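Visitor: Handing you a structure now.
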Amino acid sequence: MTVVKRYLAPSDFSSAETWRLVEWCHALGADEFTIDCVRAVAHVEAKVWRPFEKVVFPFSRGEKTRERMSGPTADDLTRSTEVWELNPVTMRALKHALRGGLLAYDPVERGWFEDPIFYREESLMLGVLSHEAFAVLRISDLESAQLLAAGFVSHDSLPRVS
């Protein structure tokens, strides 16, 4: 399969449309995900991370080597990453964690979730770089046409932020 990159901008999606996109990816084979939780202070873990972890824990696939959207250096883009099965239960947990939508970036003092990544057959399919306000979708040419037919806006290159 030849992979094409389609770029997504938060301004092109409502919160509900971002979750429809996740469901679309799941239907095309996205089967696992990861997400980062930024915790400013240790006691935040109990309020931010643990409620999420309680829901997704039964679906943990453990630490796997996966590509990420960012890292300290280019060599660190592929690294050991905690991943969970993508299913209706974990999708609800993600919706609760990312209340503004998949592409929203809402840092708050108590801690927040960012940079969700969805994998298909262990390869990055949909990756969000929250603080840079974009996502990349790696799909086939046929799937790119299906994306358009499903009503999703995407770009050939990174959209410029004005």
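FYI, nothing fancy with the structure tokens labels: chains A, B, ... in order, residues from 1 per chain, ligands from 1 as they appear.
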Dump as a Markdown table the rows for residues of range 35-145 of chain A within 8 Å of range 20-29 of chain A: closest atom pair and distance in Å with one decimal, only C-alpha atoms counted, ordered by chain and rising residue number.
Guide:
```
| residue | atom | partner | partner_atom | distance |
| --- | --- | --- | --- | --- |
| A:Leu86 | CA | A:His26 | CA | 7.4 |
| A:Asn87 | CA | A:His26 | CA | 8.0 |
| A:Arg120 | CA | A:Gly29 | CA | 5.6 |
| A:Glu121 | CA | A:Gly29 | CA | 7.7 |
| A:Met125 | CA | A:Cys25 | CA | 7.8 |
| A:Leu126 | CA | A:Cys25 | CA | 7.8 |
```
Visitor: Next, the residues of the selection above should be written as a PDB file, in the first residue's frame with C-alpha atoms.
Guide:
```
ATOM      1  CA  LEU A  86      -8.918   1.323  20.554  1.00  0.00           C
ATOM      2  CA  ASN A  87     -12.540   0.331  21.155  1.00  0.00           C
ATOM      3  CA  ARG A 120      -3.038   0.657  12.522  1.00  0.00           C
ATOM      4  CA  GLU A 121      -1.037  -2.568  12.454  1.00  0.00           C
ATOM      5  CA  MET A 125      -2.215   6.268  11.166  1.00  0.00           C
ATOM      6  CA  LEU A 126      -3.436   9.493  12.800  1.00  0.00           C
TER       7      LEU A 126
END
```
Visitor: According to DSSP computed on the backbone, where in range 3-148 of chain A is there strand (DSSP E)? Give the residues as number ranges by chain.
Guide: A: 4-8, 32-38, 60-67, 78-85, 112-120, 123-129, 134-139
Visitor: Got time to write the residues from that selection, C-alpha atoms, as an mmCIF file, in the first residue's frame?
Guide:
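Result file result_2.cif:
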```cif
data_model
loop_
_atom_site.group_PDB
_atom_site.id
_atom_site.type_symbol
_atom_site.label_atom_id
_atom_site.label_comp_id
_atom_site.auth_asym_id
_atom_site.auth_seq_id
_atom_site.Cartn_x
_atom_site.Cartn_y
_atom_site.Cartn_z
ATOM 1 C CA VAL A 4 -0.046 9.406 1.455
ATOM 2 C CA LYS A 5 0.005 12.057 4.144
ATOM 3 C CA ARG A 6 -3.036 14.242 4.665
ATOM 4 C CA TYR A 7 -2.714 17.151 7.074
ATOM 5 C CA LEU A 8 -5.518 18.292 9.334
ATOM 6 C CA GLU A 32 -4.553 1.043 19.296
ATOM 7 C CA PHE A 33 -3.626 4.470 20.612
ATOM 8 C CA THR A 34 -1.419 6.403 22.970
ATOM 9 C CA ILE A 35 -1.814 9.791 24.605
ATOM 10 C CA ASP A 36 0.326 12.002 26.816
ATOM 11 C CA CYS A 37 -0.772 13.448 30.129
ATOM 12 C CA VAL A 38 1.053 16.584 31.217
ATOM 13 C CA SER A 60 -3.577 -1.954 27.989
ATOM 14 C CA ARG A 61 -1.282 -3.536 25.432
ATOM 15 C CA GLY A 62 1.736 -2.574 27.505
ATOM 16 C CA GLU A 63 4.876 -0.790 26.374
ATOM 17 C CA LYS A 64 5.511 -1.151 22.657
ATOM 18 C CA THR A 65 7.963 0.516 20.303
ATOM 19 C CA ARG A 66 5.939 3.026 18.312
ATOM 20 C CA GLU A 67 6.474 6.180 16.300
ATOM 21 C CA THR A 78 10.349 5.975 17.669
ATOM 22 C CA ARG A 79 10.466 4.810 21.254
ATOM 23 C CA SER A 80 8.867 2.676 23.937
ATOM 24 C CA THR A 81 5.286 3.860 24.339
ATOM 25 C CA GLU A 82 2.330 2.775 26.465
ATOM 26 C CA VAL A 83 -0.506 1.762 24.117
ATOM 27 C CA TRP A 84 -4.123 0.747 24.630
ATOM 28 C CA GLU A 85 -6.653 -1.049 22.468
ATOM 29 C CA TRP A 112 -4.053 18.021 30.628
ATOM 30 C CA PHE A 113 -3.960 15.429 27.879
ATOM 31 C CA GLU A 114 -2.274 16.034 24.515
ATOM 32 C CA ASP A 115 -0.768 14.427 21.433
ATOM 33 C CA PRO A 116 -3.105 11.464 20.896
ATOM 34 C CA ILE A 117 -1.837 9.020 18.283
ATOM 35 C CA PHE A 118 -3.752 6.186 16.651
ATOM 36 C CA TYR A 119 -2.005 3.168 15.155
ATOM 37 C CA ARG A 120 -3.038 0.657 12.522
ATOM 38 C CA SER A 123 2.091 2.036 12.317
ATOM 39 C CA LEU A 124 1.077 5.617 12.946
ATOM 40 C CA MET A 125 -2.215 6.268 11.166
ATOM 41 C CA LEU A 126 -3.436 9.493 12.800
ATOM 42 C CA GLY A 127 -1.100 11.591 14.892
ATOM 43 C CA VAL A 128 -1.851 14.877 16.608
ATOM 44 C CA LEU A 129 0.760 17.402 17.698
ATOM 45 C CA PHE A 134 -2.064 20.075 13.392
ATOM 46 C CA ALA A 135 -2.520 16.390 12.778
ATOM 47 C CA VAL A 136 -1.261 14.042 10.098
ATOM 48 C CA LEU A 137 -3.226 11.164 8.658
ATOM 49 C CA ARG A 138 -1.329 8.403 6.833
ATOM 50 C CA ILE A 139 -3.644 6.544 4.507
#
```
Visitor: Of the candidates A:Ala104, A:Val89, A:Leu158, A:Leu98, which shows the shortest atom-to-atom distance to Phe57 in chain A, using only C-alpha atoms?
Guide: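 Answer, going by the shortest atom-to-atom distance: A:Val89.
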Visitor: Considering only C-alpha atoms, state which residue in the set A:Met1, A:Leu142, A:Ala30, A:Leu94 is at the smallest distance from Pro51 in chain A.
Guide: A:Leu94
Visitor: Can you work out the spacing between CA of Trp19 in chain A and CA of Met91 in chain A in Å, to one decimal?
Guide: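 These two atoms are separated by 8.4 Å.
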Visitor: Give me, as a count of residues only, the residues of chain A that a backbone DSSP run labels helix (DSSP H, G or I).
Guide: 56
Visitor: Could you state the separation of CA of His155 in chain A and CA of Ala9 in chain A in Å, given to one decimal place?
Guide: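 Value for the CA of His155 in chain A-CA of Ala9 in chain A distance: 8.3 Å.
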Visitor: Looking at only C-alpha atoms, which of A:Ser11, A:Thr2, A:Gly151, A:Trp49 is the one that sits closest to Leu102 in chain A?
Guide: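 Among the listed residues, A:Ser11 lies closest to Leu102 in chain A.
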Visitor: Between CA of Val3 in chain A and CA of Ser157 in chain A, what is the distance in Å, rounded to a tenth?
Guide: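 Pair CA of Val3 in chain A / CA of Ser157 in chain A returns 14.4 Å.
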Visitor: Calculated over only C-alpha atoms, which of the candidates A:Ser140, A:Ser130, A:Ser70, A:Thr90 has the smallest distance to Pro10 in chain A?
Guide: A:Ser130
